Number of protein chains: 2
Amino acid sequence: MDTVQVEPSVRLRTLIVDDPVAVDAYLATLSGPDVVRAMFRLDEDERQAILSALAPETAAEFIEDVPDEVAADLIEALPVQDAADIVTALPSHERADVLAEVEDEERLQILGALAPETAADARELMTYPAESAGGLMVRDFLSFSASASAREVLEDLTSGDHDLSPNLVRFAYAVNPEGRLIGMVRTRSLVAASPSTAIRDVMAPATAINAEADLVTIDACLEEAEVESLPVTDDDGRLLGVVDREHVDEALAERAAEDHLKSQGIVGGEELRSMPVGVRSRRRLSWLSINIVLNLIAASVIAAFEETLAALIALAVFLPIVSDMSGCSGNQAVAVSMRELALGVTNPRDVLRVWWQEAKVGVPNGIALGALLGSIAWLWKGPLVGGLVAFALAVNTLVAVSIGGTVPLLLKRFGADPAVASGPVLTTVTDLCGFFLLLGTATLAIAWL
Amino acid sequence: MDTVQVEPSVRLRTLIVDDPVAVDAYLATLSGPDVVRAMFRLDEDERQAILSALAPETAAEFIEDVPDEVAADLIEALPVQDAADIVTALPSHERADVLAEVEDEERLQILGALAPETAADARELMTYPAESAGGLMVRDFLSFSASASAREVLEDLTSGDHDLSPNLVRFAYAVNPEGRLIGMVRTRSLVAASPSTAIRDVMAPATAINAEADLVTIDACLEEAEVESLPVTDDDGRLLGVVDREHVDEALAERAAEDHLKSQGIVGGEELRSMPVGVRSRRRLSWLSINIVLNLIAASVIAAFEETLAALIALAVFLPIVSDMSGCSGNQAVAVSMRELALGVTNPRDVLRVWWQEAKVGVPNGIALGALLGSIAWLWKGPLVGGLVAFALAVNTLVAVSIGGTVPLLLKRFGADPAVASGPVLTTVTDLCGFFLLLGTATLAIAWL
């Protein structure tokens, strides 16, 4: 017999009224995504009540599991001290990311309520873009003067003063009196060394990464050095923090998800349905309105050929098909280009080569699709419509893969975001071209017949 | 003055003829993606020649950087012994993934040429799906009987017999004589322990994961246990291997990339332009032909209303616009649903709730888009066309977000892949509905006027 499982959000709603102290223990029984799901089924007031009732550490765990922008909205709405407690409980790199999304005024209040050192750290991290080494680095790590002994390092490591991830436990860094990184040592090797050994005598040169380095560079450096963490320095070589592979991988996954959302018309790269309806609606509309204009430009070709269309009304059935099928073919090519760019297999200068590789697929596919749709059109609406449709779809398939394959590279080359702009450029050009091919040749054919 | 940089593929082409021994050293000067890019600019024969000339370890590094399916094609074409040497040099979990993609006959030959133990390992890993704990696990790890001493473990760890990633160095596992996992111990703690301490006396109970566990489960367990690796056991509790967070993150990123490609009509979730043109063309066509059929079904609505359209030819301009804009609105909703499913914030049973959240955006956006396009249509083609277009786009926007938001959940609930099927279902239904709304109301209006 099945036991009836109470929906977690329903249980939370009861608990927050009847027994707020028990909320913490109840959330601990749920998985991360289940907590997020339950929280977002509550209304805003209930959510705030729960966040305030939770231990800051539990609230921080939840905040870590939601996108930064959503997290900032939640934090903003809390009493300043509650917000500051939760922000304090976040890992340092998350702290800066979330604070960066909070409105200016609330951010200043929250920073004011943090411990001075925590606030200073957060301010420093916020000066770097979230996806740079400076934005991703952790500020808590093992650093010593070169004269420190193995014993001192191991004592610090085991003192409980640090909350280091497994990857960060592995190295201790040596800095000179100006704070410049001068070497690093594996903590493992210190275990076997004599306790009085000076770091200076066992350290190796350190490979550091500049705080401005972007995600792709950090990823490549980690792979190159075959390590799980890298020290981060400023332009003067001063040690600022350490980046952990785990955070780099998270940021890369986050960026891929954002790119996908952007490519589907979600401006800003993030939307959860828990966001305010006004924000969701406005963002989606901003992209849709651009598309309406682009669509009108393309469809104006149809208006120019209204007489032809009236004379051969059967073509009206095939206009949306040519438009949609060309869009499909082109989007396949866009997706492959985006994949190859992400893998680094193609670079923005390979436009001609990519075009040629697409043409080799576009010609046979165009012929196949043209023949298929053309035959159906012939049987349904006669040989003239069949021939026109076959020609238009065949040629436009080649146009679509050519545009779809090369536009992401060209956009990237000229500094635009291919995830955002490839789709609209593709559909506008292929629609324009497809309508013109079908209706232009029809006009010629009618004149000639 | 700029020095002229020789394109790496050109350099490789020269080297392979003039000085094959130098290829290895040259590739070592390039980054991973640059190697992949250069290799794929060569033709197949050149690529094979280079792979055979390389040290197996260098070739394996390159093979690791390309998608499994592409890697399998490359391996297949090599002489069996060269292939076996490269396969041997791959990390064990990659080895099974690549071999699983190799054609049956070649796979048997390669397995026959491997060292018996390596072959047995690969066969065992291949019995699990690539994205399960069994498929991702590493077979080389630290396991001992419970009576082994701290010294024995540390000696084994430092013997050089293992090639362990940093995450796998951290734990040693205790198994009973039947190979069942009975506990685990942090190697770090053994360093401080007396050398003769038995593992039995310092080990803790081990959390293991079943070999059949899927990616999402493994990810959740790693997070829950706050560790970077987990032992993998079979149904009888026998220790089979260890999964490393690094490989789990890689697999998650790979799946996200595949889902994106699938959603854009790349069957199988992978295409690089280095794949044979025939394969690329066939795969793309298989998806496009389904779409042509779906498009014809939708467009048949237009055919049914040809008389109306002939009477009000200006509507022909707006048919593709209504179709495309509804597709855009619907795709935004699909993208948000896919995102929420991936984050676990929504589950497949939330259909009604998601529909309601979409409707709240669909109604204002439908009104805004309808009013915008309707006003333009009014100014351009008169009030009747304006009114009809406004009504059709407004209602169809609501239809599109309703379908777009809920279809991914429904597909997932009934075991279909939402990444593949959401798009085609969405566009077919919204086209059908949009054409019907515009032409159906036009027919009524004409009859009434």
# chains A, B, ... in the order shown; residues from 1 in each chain; ligands from 1

$ residues_around --residues "Ile75 in chain B" --least-positions-apart "3" --cutoff "9 Å" --atoms "only C-alpha atoms" --output "NGL selection string"
:B and (48 or 51 or 63 or 70-72 or 78-80 or 82-84 or 86-87 or 98-99 or 102)

$ interface_residues --of "chain B" --to "chain A" --cutoff "6 Å" --atoms "only C-alpha atoms" --output "NGL selection string"
:B and (33 or 36-37 or 261 or 264-265 or 281 or 295 or 299 or 302-303 or 310 or 317 or 320-321 or 332 or 335 or 344-345 or 361)

$ write_last_selection --atoms "N, CA, C and O atoms" --output "tab-separated table (two decimals), in the first residue's frame"
chain	number	residue	atom	x	y	z
B	33	PRO	N	42.79	22.18	-28.02
B	33	PRO	CA	41.87	22.52	-29.11
B	33	PRO	C	42.61	22.83	-30.42
B	33	PRO	O	42.10	22.52	-31.49
B	36	VAL	N	43.33	19.58	-32.11
B	36	VAL	CA	42.11	19.03	-32.72
B	36	VAL	C	41.80	19.78	-34.01
B	36	VAL	O	41.51	19.20	-35.05
B	37	ARG	N	41.89	21.11	-33.93
B	37	ARG	CA	41.56	21.92	-35.11
B	37	ARG	C	42.50	21.60	-36.28
B	37	ARG	O	42.05	21.40	-37.41
B	261	LEU	N	22.28	20.20	-29.18
B	261	LEU	CA	22.36	19.80	-30.58
B	261	LEU	C	21.10	19.06	-31.01
B	261	LEU	O	20.56	19.30	-32.09
B	264	GLN	N	18.23	21.21	-31.81
B	264	GLN	CA	18.34	21.95	-33.06
B	264	GLN	C	18.34	21.01	-34.27
B	264	GLN	O	18.70	21.41	-35.36
B	265	GLY	N	17.98	19.74	-34.04
B	265	GLY	CA	17.80	18.83	-35.17
B	265	GLY	C	19.03	18.06	-35.57
B	265	GLY	O	19.12	17.57	-36.70
B	281	SER	N	24.97	14.38	-43.80
B	281	SER	CA	23.82	14.67	-44.64
B	281	SER	C	22.64	13.77	-44.27
B	281	SER	O	21.51	14.23	-44.10
B	295	ASN	N	5.16	19.94	-41.38
B	295	ASN	CA	4.86	21.22	-42.01
B	295	ASN	C	3.69	21.11	-42.98
B	295	ASN	O	2.86	22.01	-43.07
B	299	ALA	N	0.30	23.13	-42.96
B	299	ALA	CA	0.00	24.02	-44.09
B	299	ALA	C	-1.27	23.59	-44.82
B	299	ALA	O	-1.85	24.37	-45.58
B	302	ILE	N	-4.01	25.92	-44.67
B	302	ILE	CA	-4.04	27.03	-45.65
B	302	ILE	C	-4.77	26.58	-46.91
B	302	ILE	O	-5.60	27.31	-47.46
B	303	ALA	N	-4.45	25.35	-47.36
B	303	ALA	CA	-5.08	24.84	-48.58
B	303	ALA	C	-6.60	24.80	-48.43
B	303	ALA	O	-7.34	25.10	-49.36
B	310	ALA	N	-7.64	33.89	-51.38
B	310	ALA	CA	-7.71	34.56	-52.68
B	310	ALA	C	-8.53	35.84	-52.56
B	310	ALA	O	-8.22	36.86	-53.17
B	317	VAL	N	0.73	37.69	-46.54
B	317	VAL	CA	1.93	38.29	-45.95
B	317	VAL	C	2.06	37.88	-44.48
B	317	VAL	O	3.17	37.70	-43.97
B	320	PRO	N	3.14	33.63	-42.69
B	320	PRO	CA	4.46	33.21	-42.16
B	320	PRO	C	4.84	33.98	-40.89
B	320	PRO	O	5.55	33.44	-40.05
B	321	ILE	N	4.38	35.22	-40.75
B	321	ILE	CA	4.74	35.98	-39.55
B	321	ILE	C	4.07	35.37	-38.32
B	321	ILE	O	4.70	35.17	-37.28
B	332	GLN	N	10.71	30.12	-26.44
B	332	GLN	CA	11.14	30.72	-25.17
B	332	GLN	C	10.61	29.87	-24.02
B	332	GLN	O	11.35	29.54	-23.08
B	335	ALA	N	12.48	26.60	-23.74
B	335	ALA	CA	13.82	26.76	-23.16
B	335	ALA	C	13.75	26.90	-21.64
B	335	ALA	O	14.55	26.31	-20.91
B	344	GLY	N	16.07	20.87	-11.74
B	344	GLY	CA	15.25	20.11	-10.80
B	344	GLY	C	14.22	20.98	-10.10
B	344	GLY	O	13.58	20.55	-9.14
B	345	VAL	N	14.03	22.21	-10.59
B	345	VAL	CA	13.11	23.14	-9.97
B	345	VAL	C	11.67	22.80	-10.36
B	345	VAL	O	10.71	23.14	-9.69
B	361	VAL	N	2.26	35.06	-18.53
B	361	VAL	CA	3.12	35.82	-19.44
B	361	VAL	C	2.50	35.87	-20.84
B	361	VAL	O	2.61	36.86	-21.56

$ atom_distance --atom1 "CA of Val216 in chain B" --atom2 "CA of His247 in chain B"
12.9 Å

$ atom_distance --atom1 "CA of Leu157 in chain B" --atom2 "CA of Arg139 in chain B"
15.0 Å

$ select_by_dssp --residues "range 153-246 of chain B" --states "alpha helix (DSSP H)" --output "count of residues only"
28
